[in-house]
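Okay, so here's the structure we're looking at.
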Amino acid sequence: MSKTLWFPVCGLVGLLAMASSARGQATPYIGFVYPAGGQQGTTFQVKLGGQRLAGADGAVVSGEGVSAKLTQFDRKLGNQEMTLLREQLRELRRDVPRFAGGRNARAKNAKAKDAEPKPEDKPEDKETRDLIERIEKRLANYVSQPACAALADIAYVEVTIARDAEPGAREIRLLTDRGVTNPLVFHVGQQPEVARKPMRTSVAQVLGKEQLALRDRPDEEVEARVSVPCTMNGQIASGEVNRYRFEARKGQRLVISVMGRELIPYIADAVPGWFQPVVTLFDAKGKEVAFNDDYRFKPDPTLLFEVPESGEYVLAINDALYRGREDFVYRITIGEVPFVTSIFPLGGRVGEPAHVEMDGWNLKGAKLAPPGDAA
């Protein structure tokens with residue numbers, strides 16, 4: 001009798017395990033969001049990368065005062081699908097004479113075309129042009145061998161942050177027909193935001209030919225000029241250093257805080273399994289004046305810098321091992337912003353009034369709200 005019961009029970013357990021495994025494999029996943037936040041009272045586009053995102057039809061940000069709308073989804077395409085896209089592009093260009101010769105020919109003759117009188121476009125011509133431009137963009141961003149296939153599905157989301165939205169960390173997710181993705185950290189900030197151009201999908205490196213996978217960046221993409229205070233958003237690619245040039249006045253007490261590990265704590269196929277941001281500050285002569293790769297118990301760096309002389313300074317950020325790809329995302333806030341370095345005491349007794357003192361930078365007029373009587 002025990003044998004009769006044993007096999008059906010084992011079979012049922014096996015089926016349940018297989019079903020659970022299948023559900024786990026089908027779960028949609030996002031590996032990065034860029035930029036990973038924005039300023040109160042702004043609307044901007046966010047790029048998310050992941051896998052199994054087919055059927056994406058929405059996005060959501062936790063908390064009140066932030067709305068998100070999915071505007072475009074590009075799944076990873078195979079070589080055969082890309083060939084079909086190129087053939088379709090050639091056919092569409094034949095239908096619209098102004099597109100004959102491709103993007104380079106149009107760019108070369110742009111001034112001449114602008115000088116010519118333009119006839120009224122037919123609705124179908126406009127639709128064809130829009131489709132051509134979308135296909136061209138898709139082809140330009142195509143990577144046959146991505147460095148990480150788990151980031152190759154791309155979604156674009158329009159995020160709107162209300163002026164009175166509470167600042168701080170939120171969670172952003174995509175909604176798909178397979179379910180809701182995992183959350184990633186998304187910050188509501190208070191300072192003006194600067195965001196570098198989003199990276200395209202990184203190319204897989206070949207042993208001995210790693211330099212072929214590196215990006216060729218113009219100087220303006222290596223170093224950006226910013227005005228303090230601000231929050232700077234960027235991504236680090238393999239072998240790269242991002243630089244920011246700004247003006248500072250003597251006596252300013254600048255707090256330069258970085259979010260990297262705080263945004264994406266763990267990257268499964270990185271060695272080590274996380275982005276380790278390092279920041280270095282240089283003066284106008286190129287002399288290093290400050291450096292940090294962590295702050296106390298936080299793995300993300302924070303620089304507390306009292307400006308010795310008025311002039312230009314350059315802040316550089318890179319990975320400690322000069323690794324990088326799309327999910328090496330960071331946010332840097334710089335300015336004379338409040339920053340608490342310590343509080344005392346660290347606790348108190350229930351029901352007794354608490355008097356807590358604090359120390360830090362730029363805290364003039366700042367007050368700590370004591371816990372309630374019922375805390």
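So you can find residues: chains in the structure tokens are A, B, ... in the order shown, residues in each start at 1, and ligands are numbered from 1 in order.
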So that I can check the surroundings of A:Phe186, please list as an MDAnalysis selection string every protein, DNA and RNA residue that reaches within 9 Å of it, counting only C-alpha atoms and ignoring chain neighbours fewer than 4 positions away. chainID A and resid 33 35:38 61 168:172 263
Write the residues you've just listed into a file as a PDB file, in the first residue's frame, and include C-alpha atoms for each of them.
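Dumped to again04.pdb:
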```pdb
ATOM      1  CA  VAL A  33      17.163  51.988 -15.076  1.00  0.00           C
ATOM      2  CA  PRO A  35      18.667  57.806 -15.230  1.00  0.00           C
ATOM      3  CA  ALA A  36      17.847  56.345 -11.840  1.00  0.00           C
ATOM      4  CA  GLY A  37      15.941  59.398 -10.683  1.00  0.00           C
ATOM      5  CA  GLY A  38      14.961  62.974 -11.411  1.00  0.00           C
ATOM      6  CA  VAL A  61       6.725  53.972  -9.498  1.00  0.00           C
ATOM      7  CA  GLY A 168      13.993  60.090  -1.533  1.00  0.00           C
ATOM      8  CA  ALA A 169      14.141  56.527  -2.763  1.00  0.00           C
ATOM      9  CA  ARG A 170      11.244  54.855  -4.599  1.00  0.00           C
ATOM     10  CA  GLU A 171      10.851  51.640  -6.612  1.00  0.00           C
ATOM     11  CA  ILE A 172      10.231  51.399 -10.352  1.00  0.00           C
ATOM     12  CA  LEU A 263      21.038  51.864  -6.845  1.00  0.00           C
TER      13      LEU A 263
END
```
Name the residues in contact with stretch 324-337 of chain A at a cut-off of 6 Å, using only C-alpha atoms, excluding same-chain residues fewer than 4 positions from it; report them as a PyMOL selection string.
-> chain A and resi 32+202+228-238+253-260+275
Output N, CA, C and O atoms of each residue in that selection to a file, as a CSV table (one decimal), in the first residue's frame.
```csv
chain,number,residue,atom,x,y,z
A,32,PHE,N,18.7,47.4,-15.2
A,32,PHE,CA,19.1,48.7,-14.9
A,32,PHE,C,18.0,49.7,-15.3
A,32,PHE,O,17.1,49.4,-16.1
A,202,SER,N,26.2,47.3,-24.6
A,202,SER,CA,27.6,47.0,-24.7
A,202,SER,C,27.9,45.7,-25.5
A,202,SER,O,27.2,44.8,-25.5
A,228,VAL,N,27.1,74.1,-10.1
A,228,VAL,CA,26.8,73.6,-8.7
A,228,VAL,C,25.7,74.5,-8.1
A,228,VAL,O,25.8,75.7,-8.3
A,229,PRO,N,24.7,74.0,-7.4
A,229,PRO,CA,24.5,72.5,-7.1
A,229,PRO,C,23.7,71.8,-8.2
A,229,PRO,O,23.0,72.4,-9.0
A,230,CYS,N,23.9,70.5,-8.3
A,230,CYS,CA,23.2,69.7,-9.2
A,230,CYS,C,23.4,68.2,-8.9
A,230,CYS,O,24.2,67.8,-8.0
A,231,THR,N,22.6,67.4,-9.6
A,231,THR,CA,22.8,65.9,-9.5
A,231,THR,C,23.1,65.4,-10.9
A,231,THR,O,22.4,65.7,-11.9
A,232,MET,N,24.2,64.7,-11.0
A,232,MET,CA,24.7,64.2,-12.3
A,232,MET,C,24.4,62.7,-12.4
A,232,MET,O,24.7,61.9,-11.5
A,233,ASN,N,23.9,62.4,-13.6
A,233,ASN,CA,23.5,61.0,-13.9
A,233,ASN,C,24.4,60.5,-15.0
A,233,ASN,O,24.6,61.2,-16.0
A,234,GLY,N,24.9,59.2,-14.8
A,234,GLY,CA,25.8,58.7,-15.9
A,234,GLY,C,25.8,57.2,-15.8
A,234,GLY,O,25.3,56.5,-14.8
A,235,GLN,N,26.5,56.6,-16.8
A,235,GLN,CA,26.8,55.1,-16.8
A,235,GLN,C,28.3,55.0,-17.2
A,235,GLN,O,28.8,55.8,-18.0
A,236,ILE,N,28.9,54.0,-16.6
A,236,ILE,CA,30.3,53.8,-16.9
A,236,ILE,C,30.5,52.6,-17.8
A,236,ILE,O,29.9,51.5,-17.5
A,237,ALA,N,31.1,52.8,-18.9
A,237,ALA,CA,31.5,51.7,-19.8
A,237,ALA,C,32.9,51.1,-19.5
A,237,ALA,O,33.6,51.8,-18.8
A,238,SER,N,33.2,50.0,-20.1
A,238,SER,CA,34.5,49.3,-19.8
A,238,SER,C,35.6,50.3,-20.1
A,238,SER,O,35.7,50.9,-21.2
A,253,ARG,N,31.6,74.8,1.4
A,253,ARG,CA,31.7,73.5,2.0
A,253,ARG,C,30.9,72.5,1.2
A,253,ARG,O,29.7,72.4,1.4
A,254,LEU,N,31.5,71.9,0.2
A,254,LEU,CA,30.8,71.0,-0.8
A,254,LEU,C,30.7,69.6,-0.3
A,254,LEU,O,31.7,69.0,0.2
A,255,VAL,N,29.5,69.1,-0.4
A,255,VAL,CA,29.2,67.7,-0.2
A,255,VAL,C,29.1,67.0,-1.5
A,255,VAL,O,28.2,67.4,-2.3
A,256,ILE,N,29.9,66.0,-1.8
A,256,ILE,CA,29.8,65.3,-3.1
A,256,ILE,C,29.5,63.8,-2.7
A,256,ILE,O,30.4,63.1,-2.3
A,257,SER,N,28.3,63.4,-2.9
A,257,SER,CA,27.8,62.1,-2.5
A,257,SER,C,27.4,61.3,-3.8
A,257,SER,O,26.8,61.8,-4.7
A,258,VAL,N,27.8,60.1,-3.8
A,258,VAL,CA,27.7,59.2,-4.9
A,258,VAL,C,26.7,58.0,-4.6
A,258,VAL,O,26.8,57.5,-3.5
A,259,MET,N,25.8,57.7,-5.5
A,259,MET,CA,25.0,56.5,-5.4
A,259,MET,C,25.4,55.6,-6.6
A,259,MET,O,25.3,55.9,-7.7
A,260,GLY,N,25.8,54.4,-6.2
A,260,GLY,CA,26.1,53.3,-7.2
A,260,GLY,C,25.6,52.0,-6.7
A,260,GLY,O,24.6,51.5,-7.2
A,275,PHE,N,29.1,47.3,-8.8
A,275,PHE,CA,29.8,48.4,-9.3
A,275,PHE,C,30.5,49.1,-8.1
A,275,PHE,O,29.8,49.5,-7.2
```
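Closest approach to A:Thr128 among A:Glu91, A:Glu166, A:Gly41, A:Val289 is made by A:Glu91 (distances from only C-alpha atoms).
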- Compare A:Gly286, A:Pro198, A:Pro265, A:Gly65 by their minimum atom-to-atom distance to A:Val185, counting only C-alpha atoms, and give me the closest one.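 Once distances to A:Val185 are computed over only C-alpha atoms, the minimum belongs to A:Pro265.
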(Q) I'd like to know which residues of stretch 207-245 of chain A are strand (DSSP E or B) (by DSSP, run on the backbone); could you write them as a list in words? (A) Glu223, Ala224, Arg225, Cys230, Thr231, Met232, Asn233, Gly234, Gln235, Asn242, Arg243, Tyr244 and Arg245 of chain A
If you run DSSP on the backbone here, which positions in stretch 53-292 of chain A get helix (DSSP H, G or I)? Please write them as a count of residues only. 62
- Item | Residues near A:Asn79, cut-off 10 Å, only C-alpha atoms, skip fewer than 5 positions along chain, as a ChimeraX atom specification | /A:84-85,142-144
So that I can see what lies close to A:Ala354, please list as a list in words the residues with an atom at most 12 Å from it, counting only C-alpha atoms and leaving out residues fewer than 3 positions away in the same chain.
Phe344, Pro345, Leu346, Gly347, Gly348, Arg349, Val350, Gly351, Glu357, Leu368, Ala369, Pro370, Pro371, Gly372, Asp373 and Ala375 of chain A
Keeping only C-alpha atoms, take the residues you just selected and write them out as a PDB file, in the first residue's frame.
```
ATOM      1  CA  PHE A 344      23.971  61.648  19.876  1.00  0.00           C
ATOM      2  CA  PRO A 345      22.607  59.770  21.685  1.00  0.00           C
ATOM      3  CA  LEU A 346      21.823  56.838  19.396  1.00  0.00           C
ATOM      4  CA  GLY A 347      18.751  55.794  21.353  1.00  0.00           C
ATOM      5  CA  GLY A 348      16.473  56.458  24.303  1.00  0.00           C
ATOM      6  CA  ARG A 349      13.929  54.967  26.659  1.00  0.00           C
ATOM      7  CA  VAL A 350      10.292  54.523  25.692  1.00  0.00           C
ATOM      8  CA  GLY A 351       8.018  57.217  27.151  1.00  0.00           C
ATOM      9  CA  GLU A 357      22.084  66.544  18.996  1.00  0.00           C
ATOM     10  CA  LEU A 368      15.783  67.102  14.100  1.00  0.00           C
ATOM     11  CA  ALA A 369      12.170  66.038  14.617  1.00  0.00           C
ATOM     12  CA  PRO A 370      12.067  63.941  17.831  1.00  0.00           C
ATOM     13  CA  PRO A 371      10.094  60.676  17.812  1.00  0.00           C
ATOM     14  CA  GLY A 372       6.513  60.786  18.965  1.00  0.00           C
ATOM     15  CA  ASP A 373       5.416  59.850  22.507  1.00  0.00           C
ATOM     16  CA  ALA A 375       7.211  55.589  19.309  1.00  0.00           C
TER      17      ALA A 375
END
```
In Å and to one decimal, atom CA of A:Tyr322 is distant from atom CA of A:Val278 by 9.8 Å
Exercise for review: Enter the distance from atom CA of A:Gln191 to atom CA of A:Gln40, in Å, rounded to one decimal.
Suggested key: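 Distance between the two atoms: 8.2 Å.
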TODO: Find the residues around stretch 68-71 of chain A up to 7 Å (only C-alpha atoms counted), leave out those fewer than 2 positions away in its own chain, and share them as an NGL selection string.
DONE: :A and (57-61 or 66 or 156-160)
Hey, can you spit out that residue selection with N, CA, C and O atoms as an mmCIF file, in the first residue's frame?
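Result went into out-v3.cif, see below:
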```cif
data_model
loop_
_atom_site.group_PDB
_atom_site.id
_atom_site.type_symbol
_atom_site.label_atom_id
_atom_site.label_comp_id
_atom_site.auth_asym_id
_atom_site.auth_seq_id
_atom_site.Cartn_x
_atom_site.Cartn_y
_atom_site.Cartn_z
ATOM 1 N N ASP A 57 3.584 46.540 -21.144
ATOM 2 C CA ASP A 57 2.492 47.459 -21.475
ATOM 3 C C ASP A 57 2.302 48.567 -20.449
ATOM 4 O O ASP A 57 1.311 49.289 -20.476
ATOM 5 N N GLY A 58 3.242 48.718 -19.520
ATOM 6 C CA GLY A 58 3.095 49.775 -18.543
ATOM 7 C C GLY A 58 4.276 49.825 -17.588
ATOM 8 O O GLY A 58 5.171 48.982 -17.625
ATOM 9 N N ALA A 59 4.276 50.854 -16.759
ATOM 10 C CA ALA A 59 5.311 51.025 -15.749
ATOM 11 C C ALA A 59 4.690 51.671 -14.529
ATOM 12 O O ALA A 59 3.661 52.347 -14.619
ATOM 13 N N VAL A 60 5.307 51.470 -13.371
ATOM 14 C CA VAL A 60 4.767 52.022 -12.132
ATOM 15 C C VAL A 60 5.922 52.397 -11.211
ATOM 16 O O VAL A 60 6.949 51.714 -11.164
ATOM 17 N N VAL A 61 5.770 53.523 -10.512
ATOM 18 C CA VAL A 61 6.725 53.972 -9.498
ATOM 19 C C VAL A 61 5.992 54.034 -8.167
ATOM 20 O O VAL A 61 4.875 54.562 -8.084
ATOM 21 N N VAL A 66 4.481 60.561 -8.360
ATOM 22 C CA VAL A 66 5.302 60.157 -9.508
ATOM 23 C C VAL A 66 4.478 59.243 -10.399
ATOM 24 O O VAL A 66 3.928 58.241 -9.928
ATOM 25 N N TYR A 156 11.431 52.105 -22.903
ATOM 26 C CA TYR A 156 11.533 53.543 -22.646
ATOM 27 C C TYR A 156 10.268 53.996 -21.926
ATOM 28 O O TYR A 156 9.154 53.696 -22.367
ATOM 29 N N VAL A 157 10.468 54.714 -20.835
ATOM 30 C CA VAL A 157 9.357 55.130 -19.979
ATOM 31 C C VAL A 157 9.430 56.644 -19.763
ATOM 32 O O VAL A 157 10.514 57.185 -19.511
ATOM 33 N N GLU A 158 8.288 57.311 -19.883
ATOM 34 C CA GLU A 158 8.205 58.735 -19.573
ATOM 35 C C GLU A 158 7.761 58.889 -18.124
ATOM 36 O O GLU A 158 6.699 58.424 -17.734
ATOM 37 N N VAL A 159 8.600 59.554 -17.340
ATOM 38 C CA VAL A 159 8.339 59.733 -15.909
ATOM 39 C C VAL A 159 8.019 61.199 -15.630
ATOM 40 O O VAL A 159 8.725 62.097 -16.102
ATOM 41 N N THR A 160 6.968 61.435 -14.866
ATOM 42 C CA THR A 160 6.602 62.784 -14.442
ATOM 43 C C THR A 160 6.612 62.834 -12.914
ATOM 44 O O THR A 160 5.938 62.030 -12.259
#
```
query = Smallest atom-to-atom distance to A:Asp359: which of A:Gln145, A:Tyr29, A:Val340, A:Ala150, using only C-alpha atoms?
reply =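 Ranked by minimum distance to A:Asp359, first place goes to A:Val340.
Note that atom CA of A:Asn141 and atom CA of A:Thr201 are 7.4 Å apart.
Taking only C-alpha atoms into account, A:Lys285 lies nearest to A:Gly311 out of the set A:Gly55, A:Pro28, A:Gly311, A:Pro272.
Proximity ranking of A:His355, A:Arg215, A:Arg249, A:Arg138 relative to A:Met82 places A:Arg138 first, based on only C-alpha atoms.
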